[in-house]
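Visitor: Contents are PDB, C-alpha atoms and all ligand atoms; file name work-v7.pdb:
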```pdb
ATOM      1  CA  MET A   1    -114.490  71.245   0.711  1.00  0.00           C
ATOM      2  CA  TYR A   2    -118.244  70.652   0.598  1.00  0.00           C
ATOM      3  CA  LYS A   3    -120.376  73.625  -0.463  1.00  0.00           C
ATOM      4  CA  VAL A   4    -123.810  73.748   1.119  1.00  0.00           C
ATOM      5  CA  ILE A   5    -126.357  75.872  -0.734  1.00  0.00           C
ATOM      6  CA  GLY A   6    -129.262  77.273   1.298  1.00  0.00           C
ATOM      7  CA  ASN A   7    -129.631  78.794   4.736  1.00  0.00           C
ATOM      8  CA  SER A   8    -130.384  77.677   8.259  1.00  0.00           C
ATOM      9  CA  ARG A   9    -134.082  78.664   8.294  1.00  0.00           C
ATOM     10  CA  ASN A  10    -135.096  75.641   6.247  1.00  0.00           C
ATOM     11  CA  ARG A  11    -134.126  72.020   5.501  1.00  0.00           C
ATOM     12  CA  THR A  12    -130.543  73.150   4.824  1.00  0.00           C
ATOM     13  CA  MET A  13    -130.072  72.892   8.601  1.00  0.00           C
ATOM     14  CA  ARG A  14    -130.170  69.098   8.199  1.00  0.00           C
ATOM     15  CA  VAL A  15    -127.046  69.237   6.045  1.00  0.00           C
ATOM     16  CA  TYR A  16    -125.152  71.565   8.417  1.00  0.00           C
ATOM     17  CA  TRP A  17    -126.116  69.301  11.319  1.00  0.00           C
ATOM     18  CA  ALA A  18    -125.032  66.099   9.523  1.00  0.00           C
ATOM     19  CA  LEU A  19    -121.679  67.659   8.590  1.00  0.00           C
ATOM     20  CA  GLU A  20    -121.164  68.783  12.190  1.00  0.00           C
ATOM     21  CA  GLU A  21    -121.961  65.253  13.418  1.00  0.00           C
ATOM     22  CA  MET A  22    -119.267  63.938  11.076  1.00  0.00           C
ATOM     23  CA  GLY A  23    -116.720  66.616  11.948  1.00  0.00           C
ATOM     24  CA  MET A  24    -116.468  67.771   8.312  1.00  0.00           C
ATOM     25  CA  GLU A  25    -115.479  71.197   7.045  1.00  0.00           C
ATOM     26  CA  TYR A  26    -117.986  72.939   4.789  1.00  0.00           C
ATOM     27  CA  GLU A  27    -118.590  76.241   3.069  1.00  0.00           C
ATOM     28  CA  MET A  28    -122.002  77.853   3.507  1.00  0.00           C
ATOM     29  CA  VAL A  29    -123.313  79.484   0.327  1.00  0.00           C
ATOM     30  CA  LEU A  30    -126.249  81.494   1.635  1.00  0.00           C
ATOM     31  CA  VAL A  31    -129.121  81.344  -0.829  1.00  0.00           C
ATOM     32  CA  SER A  32    -132.853  81.815  -0.171  1.00  0.00           C
ATOM     33  CA  PRO A  33    -135.365  79.134  -1.200  1.00  0.00           C
ATOM     34  CA  GLY A  34    -137.113  79.940  -4.475  1.00  0.00           C
ATOM     35  CA  SER A  35    -134.673  82.757  -5.338  1.00  0.00           C
ATOM     36  CA  LYS A  36    -133.089  83.388  -8.734  1.00  0.00           C
ATOM     37  CA  GLU A  37    -129.769  82.174  -7.254  1.00  0.00           C
ATOM     38  CA  ALA A  38    -131.387  78.947  -6.055  1.00  0.00           C
ATOM     39  CA  ARG A  39    -132.959  78.386  -9.489  1.00  0.00           C
ATOM     40  CA  GLU A  40    -129.556  78.753 -11.135  1.00  0.00           C
ATOM     41  CA  ILE A  41    -128.371  75.773  -9.084  1.00  0.00           C
ATOM     42  CA  ASN A  42    -131.554  73.688  -8.876  1.00  0.00           C
ATOM     43  CA  PRO A  43    -134.246  74.107 -11.586  1.00  0.00           C
ATOM     44  CA  SER A  44    -136.977  73.803  -8.926  1.00  0.00           C
ATOM     45  CA  GLY A  45    -135.409  76.613  -6.864  1.00  0.00           C
ATOM     46  CA  LYS A  46    -135.423  74.345  -3.818  1.00  0.00           C
ATOM     47  CA  VAL A  47    -132.715  74.181  -1.183  1.00  0.00           C
ATOM     48  CA  PRO A  48    -130.656  72.550   0.188  1.00  0.00           C
ATOM     49  CA  CYS A  49    -128.173  71.548  -2.512  1.00  0.00           C
ATOM     50  CA  LEU A  50    -124.702  70.155  -1.954  1.00  0.00           C
ATOM     51  CA  ILE A  51    -121.723  70.568  -4.246  1.00  0.00           C
ATOM     52  CA  ALA A  52    -119.423  67.585  -3.829  1.00  0.00           C
ATOM     53  CA  GLU A  53    -116.665  66.459  -6.176  1.00  0.00           C
ATOM     54  CA  GLY A  54    -117.798  69.111  -8.699  1.00  0.00           C
ATOM     55  CA  GLU A  55    -121.326  67.653  -8.876  1.00  0.00           C
ATOM     56  CA  THR A  56    -124.556  69.020  -7.445  1.00  0.00           C
ATOM     57  CA  ILE A  57    -126.941  66.937  -5.331  1.00  0.00           C
ATOM     58  CA  PHE A  58    -130.487  68.136  -4.538  1.00  0.00           C
ATOM     59  CA  ASP A  59    -132.742  67.063  -1.662  1.00  0.00           C
ATOM     60  CA  SER A  60    -131.778  67.032   1.996  1.00  0.00           C
ATOM     61  CA  VAL A  61    -132.352  63.288   2.436  1.00  0.00           C
ATOM     62  CA  ALA A  62    -130.296  62.342  -0.627  1.00  0.00           C
ATOM     63  CA  ILE A  63    -127.540  64.688   0.548  1.00  0.00           C
ATOM     64  CA  ILE A  64    -127.258  63.529   4.139  1.00  0.00           C
ATOM     65  CA  GLN A  65    -127.585  59.836   3.298  1.00  0.00           C
ATOM     66  CA  TYR A  66    -124.838  60.306   0.662  1.00  0.00           C
ATOM     67  CA  LEU A  67    -122.593  61.954   3.267  1.00  0.00           C
ATOM     68  CA  ALA A  68    -123.356  59.210   5.786  1.00  0.00           C
ATOM     69  CA  ASP A  69    -122.555  56.442   3.289  1.00  0.00           C
ATOM     70  CA  LYS A  70    -119.447  58.172   2.037  1.00  0.00           C
ATOM     71  CA  HIS A  71    -117.988  58.752   5.487  1.00  0.00           C
ATOM     72  CA  GLY A  72    -119.382  55.608   7.125  1.00  0.00           C
ATOM     73  CA  GLN A  73    -121.124  57.514   9.921  1.00  0.00           C
ATOM     74  CA  LEU A  74    -124.758  57.967  11.075  1.00  0.00           C
ATOM     75  CA  THR A  75    -125.823  54.941   9.039  1.00  0.00           C
ATOM     76  CA  PHE A  76    -125.887  51.179   8.827  1.00  0.00           C
ATOM     77  CA  PRO A  77    -124.242  49.839   5.664  1.00  0.00           C
ATOM     78  CA  ALA A  78    -126.325  49.419   2.478  1.00  0.00           C
ATOM     79  CA  GLY A  79    -127.546  45.876   1.929  1.00  0.00           C
ATOM     80  CA  THR A  80    -128.040  45.045   5.615  1.00  0.00           C
ATOM     81  CA  ILE A  81    -131.345  44.396   7.383  1.00  0.00           C
ATOM     82  CA  GLU A  82    -130.526  47.244   9.767  1.00  0.00           C
ATOM     83  CA  ARG A  83    -130.153  49.596   6.818  1.00  0.00           C
ATOM     84  CA  ALA A  84    -133.545  48.573   5.443  1.00  0.00           C
ATOM     85  CA  GLN A  85    -135.076  49.229   8.883  1.00  0.00           C
ATOM     86  CA  GLN A  86    -133.240  52.545   9.113  1.00  0.00           C
ATOM     87  CA  ASP A  87    -134.506  53.552   5.632  1.00  0.00           C
ATOM     88  CA  SER A  88    -138.011  52.599   6.699  1.00  0.00           C
ATOM     89  CA  PHE A  89    -137.762  55.234   9.478  1.00  0.00           C
ATOM     90  CA  THR A  90    -136.413  57.731   6.943  1.00  0.00           C
ATOM     91  CA  GLN A  91    -139.410  57.087   4.678  1.00  0.00           C
ATOM     92  CA  PHE A  92    -141.771  57.316   7.643  1.00  0.00           C
ATOM     93  CA  CYS A  93    -140.326  60.727   8.466  1.00  0.00           C
ATOM     94  CA  CYS A  94    -140.576  61.948   4.858  1.00  0.00           C
ATOM     95  CA  ASP A  95    -144.104  60.681   4.242  1.00  0.00           C
ATOM     96  CA  GLU A  96    -145.837  61.193   7.544  1.00  0.00           C
ATOM     97  CA  VAL A  97    -143.964  63.917   9.373  1.00  0.00           C
ATOM     98  CA  ASP A  98    -142.187  66.154   6.852  1.00  0.00           C
ATOM     99  CA  GLY A  99    -145.012  65.643   4.310  1.00  0.00           C
ATOM    100  CA  THR A 100    -147.631  66.743   6.815  1.00  0.00           C
ATOM    101  CA  LEU A 101    -145.694  69.782   8.019  1.00  0.00           C
ATOM    102  CA  TRP A 102    -144.958  70.761   4.428  1.00  0.00           C
ATOM    103  CA  MET A 103    -148.628  70.462   3.444  1.00  0.00           C
ATOM    104  CA  ALA A 104    -149.521  72.823   6.312  1.00  0.00           C
ATOM    105  CA  ALA A 105    -146.735  75.265   5.416  1.00  0.00           C
ATOM    106  CA  LYS A 106    -147.627  75.354   1.722  1.00  0.00           C
ATOM    107  CA  ASN A 107    -151.220  76.183   2.593  1.00  0.00           C
ATOM    108  CA  SER A 108    -150.268  78.804   5.198  1.00  0.00           C
ATOM    109  CA  PHE A 109    -147.540  80.892   3.577  1.00  0.00           C
ATOM    110  CA  ILE A 110    -145.691  79.128   0.733  1.00  0.00           C
ATOM    111  CA  HIS A 111    -148.240  78.932  -2.092  1.00  0.00           C
ATOM    112  CA  PRO A 112    -149.610  82.083  -3.724  1.00  0.00           C
ATOM    113  CA  GLU A 113    -152.590  83.195  -1.625  1.00  0.00           C
ATOM    114  CA  GLU A 114    -155.233  82.175  -4.170  1.00  0.00           C
ATOM    115  CA  TYR A 115    -153.987  78.559  -4.073  1.00  0.00           C
ATOM    116  CA  ARG A 116    -153.875  78.201  -0.282  1.00  0.00           C
ATOM    117  CA  VAL A 117    -156.444  76.081   1.561  1.00  0.00           C
ATOM    118  CA  PRO A 118    -156.042  77.229   5.192  1.00  0.00           C
ATOM    119  CA  ALA A 119    -158.793  74.799   6.271  1.00  0.00           C
ATOM    120  CA  ILE A 120    -156.292  71.969   5.732  1.00  0.00           C
ATOM    121  CA  LYS A 121    -154.524  72.789   9.045  1.00  0.00           C
ATOM    122  CA  PRO A 122    -156.776  70.628  11.313  1.00  0.00           C
ATOM    123  CA  THR A 123    -156.280  67.707   8.897  1.00  0.00           C
ATOM    124  CA  ALA A 124    -152.516  68.241   9.053  1.00  0.00           C
ATOM    125  CA  LYS A 125    -152.653  68.282  12.864  1.00  0.00           C
ATOM    126  CA  TYR A 126    -154.688  65.057  12.835  1.00  0.00           C
ATOM    127  CA  GLU A 127    -152.157  63.389  10.508  1.00  0.00           C
ATOM    128  CA  PHE A 128    -149.261  64.642  12.621  1.00  0.00           C
ATOM    129  CA  ALA A 129    -150.832  63.301  15.832  1.00  0.00           C
ATOM    130  CA  LYS A 130    -151.275  59.897  14.156  1.00  0.00           C
ATOM    131  CA  ALA A 131    -147.640  59.922  13.061  1.00  0.00           C
ATOM    132  CA  MET A 132    -146.522  60.744  16.626  1.00  0.00           C
ATOM    133  CA  LYS A 133    -148.482  57.731  17.946  1.00  0.00           C
ATOM    134  CA  THR A 134    -146.775  55.509  15.379  1.00  0.00           C
ATOM    135  CA  LEU A 135    -143.402  56.952  16.352  1.00  0.00           C
ATOM    136  CA  GLU A 136    -144.068  56.287  20.040  1.00  0.00           C
ATOM    137  CA  THR A 137    -144.872  52.632  19.298  1.00  0.00           C
ATOM    138  CA  ARG A 138    -141.950  52.094  16.941  1.00  0.00           C
ATOM    139  CA  LEU A 139    -139.505  53.860  19.249  1.00  0.00           C
ATOM    140  CA  GLY A 140    -140.475  51.787  22.294  1.00  0.00           C
ATOM    141  CA  ASP A 141    -137.842  52.187  25.005  1.00  0.00           C
ATOM    142  CA  ASN A 142    -135.005  52.808  22.564  1.00  0.00           C
ATOM    143  CA  GLU A 143    -132.725  55.788  22.865  1.00  0.00           C
ATOM    144  CA  PHE A 144    -132.844  56.366  19.100  1.00  0.00           C
ATOM    145  CA  VAL A 145    -135.033  54.847  16.391  1.00  0.00           C
ATOM    146  CA  MET A 146    -132.382  52.229  15.571  1.00  0.00           C
ATOM    147  CA  GLY A 147    -131.591  51.463  19.202  1.00  0.00           C
ATOM    148  CA  ASP A 148    -128.372  52.826  20.702  1.00  0.00           C
ATOM    149  CA  THR A 149    -127.055  54.252  17.438  1.00  0.00           C
ATOM    150  CA  PHE A 150    -127.939  57.755  16.245  1.00  0.00           C
ATOM    151  CA  THR A 151    -128.689  57.552  12.510  1.00  0.00           C
ATOM    152  CA  ILE A 152    -129.995  59.686   9.646  1.00  0.00           C
ATOM    153  CA  PRO A 153    -133.718  59.293  10.481  1.00  0.00           C
ATOM    154  CA  ASP A 154    -133.070  60.590  14.038  1.00  0.00           C
ATOM    155  CA  LEU A 155    -131.560  63.722  12.551  1.00  0.00           C
ATOM    156  CA  LEU A 156    -134.525  64.130  10.185  1.00  0.00           C
ATOM    157  CA  LEU A 157    -137.064  63.556  12.940  1.00  0.00           C
ATOM    158  CA  GLY A 158    -135.182  65.959  15.235  1.00  0.00           C
ATOM    159  CA  HIS A 159    -135.239  68.640  12.565  1.00  0.00           C
ATOM    160  CA  CYS A 160    -138.958  68.063  11.980  1.00  0.00           C
ATOM    161  CA  SER A 161    -139.708  68.317  15.703  1.00  0.00           C
ATOM    162  CA  ASN A 162    -138.196  71.795  15.769  1.00  0.00           C
ATOM    163  CA  TRP A 163    -140.224  72.696  12.674  1.00  0.00           C
ATOM    164  CA  ALA A 164    -143.390  71.271  14.286  1.00  0.00           C
ATOM    165  CA  GLU A 165    -142.902  73.308  17.453  1.00  0.00           C
ATOM    166  CA  GLY A 166    -142.448  76.481  15.415  1.00  0.00           C
ATOM    167  CA  ALA A 167    -145.626  75.700  13.464  1.00  0.00           C
ATOM    168  CA  LYS A 168    -147.537  75.046  16.714  1.00  0.00           C
ATOM    169  CA  PHE A 169    -148.121  71.323  16.231  1.00  0.00           C
ATOM    170  CA  ASP A 170    -148.534  69.386  19.486  1.00  0.00           C
ATOM    171  CA  ILE A 171    -145.687  67.115  20.526  1.00  0.00           C
ATOM    172  CA  PRO A 172    -147.061  64.393  22.815  1.00  0.00           C
ATOM    173  CA  GLU A 173    -145.531  64.329  26.284  1.00  0.00           C
ATOM    174  CA  GLY A 174    -143.615  61.262  27.419  1.00  0.00           C
ATOM    175  CA  LYS A 175    -141.375  59.065  25.294  1.00  0.00           C
ATOM    176  CA  VAL A 176    -141.676  61.067  22.081  1.00  0.00           C
ATOM    177  CA  ALA A 177    -141.028  64.445  23.739  1.00  0.00           C
ATOM    178  CA  GLU A 178    -138.068  62.985  25.650  1.00  0.00           C
ATOM    179  CA  TYR A 179    -136.673  61.459  22.458  1.00  0.00           C
ATOM    180  CA  PHE A 180    -136.962  64.795  20.607  1.00  0.00           C
ATOM    181  CA  LYS A 181    -135.195  66.543  23.503  1.00  0.00           C
ATOM    182  CA  ARG A 182    -132.399  63.973  23.460  1.00  0.00           C
ATOM    183  CA  VAL A 183    -131.882  64.454  19.740  1.00  0.00           C
ATOM    184  CA  ALA A 184    -132.084  68.255  19.861  1.00  0.00           C
ATOM    185  CA  ASN A 185    -129.509  68.370  22.685  1.00  0.00           C
ATOM    186  CA  ARG A 186    -126.807  66.801  20.564  1.00  0.00           C
ATOM    187  CA  PRO A 187    -123.721  69.025  20.589  1.00  0.00           C
ATOM    188  CA  ALA A 188    -123.442  68.823  16.769  1.00  0.00           C
ATOM    189  CA  TYR A 189    -126.924  70.361  16.390  1.00  0.00           C
ATOM    190  CA  GLN A 190    -125.988  73.145  18.788  1.00  0.00           C
ATOM    191  CA  ARG A 191    -122.757  73.756  16.850  1.00  0.00           C
ATOM    192  CA  ALA A 192    -124.657  73.904  13.548  1.00  0.00           C
ATOM    193  CA  LYS A 193    -127.068  76.433  15.047  1.00  0.00           C
ATOM    194  CA  ASP A 194    -124.279  78.564  16.531  1.00  0.00           C
ATOM    195  CA  LYS A 195    -122.300  78.547  13.290  1.00  0.00           C
ATOM    196  CA  THR A 196    -125.289  79.539  11.175  1.00  0.00           C
ATOM    197  CA  GLY A 197    -126.757  82.073  13.594  1.00  0.00           C
ATOM    198  CA  TYR A 198    -130.041  80.127  13.829  1.00  0.00           C
TER     199      TYR A 198
HETATM  200  N1  LIG B   1    -137.582  67.151  -0.310  1.00  0.00           N
HETATM  201  C1  LIG B   1    -136.764  68.332  -0.426  1.00  0.00           C
HETATM  202  C2  LIG B   1    -137.632  69.558  -0.210  1.00  0.00           C
HETATM  203  C3  LIG B   1    -136.847  70.837  -0.445  1.00  0.00           C
HETATM  204  C4  LIG B   1    -137.717  72.046  -0.224  1.00  0.00           C
HETATM  205  O1  LIG B   1    -138.938  72.061  -0.491  1.00  0.00           O
HETATM  206  N2  LIG B   1    -137.080  73.104   0.266  1.00  0.00           N
HETATM  207  C5  LIG B   1    -137.776  74.334   0.551  1.00  0.00           C
HETATM  208  C6  LIG B   1    -137.113  75.023   1.724  1.00  0.00           C
HETATM  209  S1  LIG B   1    -137.107  73.988   3.137  1.00  0.00           S
HETATM  210  C7  LIG B   1    -137.636  75.239  -0.651  1.00  0.00           C
HETATM  211  O2  LIG B   1    -136.559  75.399  -1.168  1.00  0.00           O
HETATM  212  N3  LIG B   1    -138.742  75.837  -1.086  1.00  0.00           N
HETATM  213  C8  LIG B   1    -138.722  76.774  -2.155  1.00  0.00           C
HETATM  214  C9  LIG B   1    -139.735  76.438  -3.177  1.00  0.00           C
HETATM  215  O3  LIG B   1    -140.470  75.441  -3.018  1.00  0.00           O
HETATM  216  O4  LIG B   1    -139.800  77.210  -4.163  1.00  0.00           O
HETATM  217  C10 LIG B   1    -135.601  68.284   0.597  1.00  0.00           C
HETATM  218  O5  LIG B   1    -135.736  67.571   1.588  1.00  0.00           O
HETATM  219  O6  LIG B   1    -134.575  68.926   0.374  1.00  0.00           O
END
```
Spit out the file's structure as structure tokens when you get a sec.
Ligand SMILES: N[C@@H](CCC(=O)N[C@@H](CS)C(=O)NCC(=O)O)C(=O)O

Guide:
Amino acid sequence: MYKVIGNSRNRTMRVYWALEEMGMEYEMVLVSPGSKEAREINPSGKVPCLIAEGETIFDSVAIIQYLADKHGQLTFPAGTIERAQQDSFTQFCCDEVDGTLWMAAKNSFIHPEEYRVPAIKPTAKYEFAKAMKTLETRLGDNEFVMGDTFTIPDLLLGHCSNWAEGAKFDIPEGKVAEYFKRVANRPAYQRAKDKTGY
């Protein structure tokens, strides 16, 4: 059975959600980010980690794309044009959405106080707003970023939208807000939240 290292208050939720989408069993090994226990598994102390087939994988995107490829769900096959387009949305999410939220978080409460630059927050909000405009254009009238099919970047963007709301970033009304609602209402996300007490 898969072992998921981390807890639901961070990017580990992406792994729980992906496993719920795929109907897989998993064991939750509750470990806090940056803790001694996390460092014993991942030298950086970061979560999530996944233990699969006796090996450890770090990084939420690597983990959920591995699961998707392995089980042939939530993804287009490697080597197809659709997969390249799907991966482009994944990179967009990592660079422009997750990266921006993470920059704001690091400078609000993650870094030691003397290394924080709280004045970065307006810049982060500006970058986030730009990313939301790009998302609106790229999404168009599609249900999900790849059309009718829910894939890995939808899950990542859905997770980031929840993070953004918590961090008081503005989600533009209209297509983007409706898309985020659609993604967040997926039963698998609700199950992951219920199971992990989020
Ligand atoms: N790109 C990585 C980022 C992992 C990451 O930064 N995780 C945070 C929690 S969401 C963490 O463990 N932080 C602890 C630390 O940076 O010491 C991923 O997607 O898994």

Visitor: Report the centre and edge lengths, in Å to one decimal, of an axis-aligned box enclosing every atom of ligand LIG 1 (chain B) listed in the file, padded by 5 Å on each side, as lines of an AutoDock Vina configuration file.

Guide:
```
center_x = -137.5
center_y = 72.2
center_z = -0.5
size_x = 15.9
size_y = 20.1
size_z = 17.3
```

Visitor: What do you get as an mmCIF file with C-alpha atoms, keeping the file's coordinate frame if you pick all residues at most 8 Å from ligand LIG 1 (chain B), counting all atoms listed in the file?

Guide:
```
data_model
loop_
_atom_site.group_PDB
_atom_site.id
_atom_site.type_symbol
_atom_site.label_atom_id
_atom_site.label_comp_id
_atom_site.auth_asym_id
_atom_site.auth_seq_id
_atom_site.Cartn_x
_atom_site.Cartn_y
_atom_site.Cartn_z
ATOM 1 C CA GLY A 6 -129.262 77.273 1.298
ATOM 2 C CA ARG A 9 -134.082 78.664 8.294
ATOM 3 C CA ASN A 10 -135.096 75.641 6.247
ATOM 4 C CA ARG A 11 -134.126 72.020 5.501
ATOM 5 C CA THR A 12 -130.543 73.150 4.824
ATOM 6 C CA SER A 32 -132.853 81.815 -0.171
ATOM 7 C CA PRO A 33 -135.365 79.134 -1.200
ATOM 8 C CA GLY A 34 -137.113 79.940 -4.475
ATOM 9 C CA SER A 35 -134.673 82.757 -5.338
ATOM 10 C CA ALA A 38 -131.387 78.947 -6.055
ATOM 11 C CA SER A 44 -136.977 73.803 -8.926
ATOM 12 C CA GLY A 45 -135.409 76.613 -6.864
ATOM 13 C CA LYS A 46 -135.423 74.345 -3.818
ATOM 14 C CA VAL A 47 -132.715 74.181 -1.183
ATOM 15 C CA PRO A 48 -130.656 72.550 0.188
ATOM 16 C CA CYS A 49 -128.173 71.548 -2.512
ATOM 17 C CA PHE A 58 -130.487 68.136 -4.538
ATOM 18 C CA ASP A 59 -132.742 67.063 -1.662
ATOM 19 C CA SER A 60 -131.778 67.032 1.996
ATOM 20 C CA VAL A 61 -132.352 63.288 2.436
ATOM 21 C CA ALA A 62 -130.296 62.342 -0.627
ATOM 22 C CA CYS A 94 -140.576 61.948 4.858
ATOM 23 C CA TRP A 102 -144.958 70.761 4.428
ATOM 24 C CA ILE A 110 -145.691 79.128 0.733
#
```

Visitor: Report the closest atom pair, with its distance in Å rounded to one decimal, for each residue of range 100-126 of chain A that has an atom no farther than 10 Å from range 144-167 of chain A; count all atoms listed in the file, sort by chain and then rising residue number, and write it as JSON lines.

Guide:
```
{"residue": "A:Thr100", "atom": "CA", "partner": "A:Ala164", "partner_atom": "CA", "distance": 9.7}
{"residue": "A:Leu101", "atom": "CA", "partner": "A:Ala164", "partner_atom": "CA", "distance": 6.8}
{"residue": "A:Trp102", "atom": "CA", "partner": "A:Trp163", "partner_atom": "CA", "distance": 9.7}
{"residue": "A:Ala104", "atom": "CA", "partner": "A:Ala167", "partner_atom": "CA", "distance": 8.6}
{"residue": "A:Ala105", "atom": "CA", "partner": "A:Ala167", "partner_atom": "CA", "distance": 8.1}
{"residue": "A:Ser108", "atom": "CA", "partner": "A:Ala167", "partner_atom": "CA", "distance": 10.0}
{"residue": "A:Lys125", "atom": "CA", "partner": "A:Ala164", "partner_atom": "CA", "distance": 9.8}
```

Visitor: For the selection just defined, write its residues with C-alpha atoms to a file, as a PDB file, in the frame of the given file.

Guide:
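The file below, again23.pdb, is the result:
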```
ATOM      1  CA  THR A 100    -147.631  66.743   6.815  1.00  0.00           C
ATOM      2  CA  LEU A 101    -145.694  69.782   8.019  1.00  0.00           C
ATOM      3  CA  TRP A 102    -144.958  70.761   4.428  1.00  0.00           C
ATOM      4  CA  ALA A 104    -149.521  72.823   6.312  1.00  0.00           C
ATOM      5  CA  ALA A 105    -146.735  75.265   5.416  1.00  0.00           C
ATOM      6  CA  SER A 108    -150.268  78.804   5.198  1.00  0.00           C
ATOM      7  CA  LYS A 125    -152.653  68.282  12.864  1.00  0.00           C
TER       8      LYS A 125
END
```

Visitor: Which is closest to Leu50 in chain A among A:Gln73, A:Val15, A:Glu20, A:Ala68, if we use only C-alpha atoms?

Guide: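 So, comparing all the options, the nearest one is A:Val15.
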
Visitor: Find the residue from A:Lys181, A:Leu135, A:Gly23, A:Ile171 that sits nearest to Ser88 in chain A; use all atoms listed in the file when measuring.

Guide: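 Answer, going by the shortest atom-to-atom distance: A:Leu135.
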
Visitor: Could you check which of A:Lys121, A:Arg138, A:Lys3, A:His111 is closest to Phe89 in chain A, using all atoms listed in the file?

Guide: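 Among A:Lys121, A:Arg138, A:Lys3, A:His111, it is A:Arg138 that comes nearest to Phe89 in chain A.
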
Visitor: Report, in Å to a single decimal, how far apart CA of Phe76 in chain A and CA of Pro172 in chain A are.

Guide: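 So the answer is 28.6 Å.
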
Visitor: Quick one: everything within 10 Å of Val4 in chain A, counting all atoms listed in the file, minus sequence neighbours fewer than 4 positions away in the same chain. Send it as a ChimeraX atom specification.

Guide: /A:12-13,15-16,19,26-31,47-52,56-57,63

Visitor: Rounded to one decimal in Å, what is the spacing between CA of Arg14 in chain A and CA of Ala192 in chain A?

Guide: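 Between CA of Arg14 in chain A and CA of Ala192 in chain A the gap is 9.1 Å.
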
Visitor: Taking all atoms listed in the file into account, which of A:Gly197, A:Met132, A:Asn7, A:Asn142 comes nearest Val176 in chain A?

Guide: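 The shortest atom-to-atom distance to Val176 in chain A comes from A:Met132.
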
Visitor: What residues come out when you apply the PyMOL selection byres (((chain A and resi 117) around 10) and not hetatm) to this file, written as a PyMOL selection string?

Guide: chain A and resi 103-104+106-108+111+113-116+118-121

Visitor: Please save C-alpha atoms of the selected residues as a CSV table (one decimal), keeping the file's coordinate frame.

Guide:
```csv
chain,number,residue,atom,x,y,z
A,103,MET,CA,-148.6,70.5,3.4
A,104,ALA,CA,-149.5,72.8,6.3
A,106,LYS,CA,-147.6,75.4,1.7
A,107,ASN,CA,-151.2,76.2,2.6
A,108,SER,CA,-150.3,78.8,5.2
A,111,HIS,CA,-148.2,78.9,-2.1
A,113,GLU,CA,-152.6,83.2,-1.6
A,114,GLU,CA,-155.2,82.2,-4.2
A,115,TYR,CA,-154.0,78.6,-4.1
A,116,ARG,CA,-153.9,78.2,-0.3
A,118,PRO,CA,-156.0,77.2,5.2
A,119,ALA,CA,-158.8,74.8,6.3
A,120,ILE,CA,-156.3,72.0,5.7
A,121,LYS,CA,-154.5,72.8,9.0
```

Visitor: What is the distance, in Å and to one decimal place, between CA of Phe180 in chain A and CA of Ala124 in chain A?

Guide: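 Taking CA of Phe180 in chain A and CA of Ala124 in chain A, their separation equals 19.7 Å.
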
Visitor: From the set A:Thr123, A:Gln85, A:Ile5, A:Ala131, which residue has the shortest atom-to-atom contact distance to Glu37 in chain A, counting all atoms listed in the file?

Guide: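 Among the listed residues, the smallest separation from Glu37 in chain A belongs to A:Ile5.
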
Visitor: Closest to Gly72 in chain A among A:Met22, A:Gln190, A:Trp17, A:Glu178, using all atoms listed in the file?

Guide: A:Met22

Visitor: The PyMOL selection byres (((chain A and resi 175) around 8) and not hetatm) - which residues does that actually catch in the file I just gave you? List them as a list in words.

Guide: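 That selection, the PyMOL selection byres (((chain A and resi 175) around 8) and not hetatm), comes back as Glu136, Gly140, Asp141, Glu173, Gly174, Val176, Ala177, Glu178 and Tyr179 of chain A.
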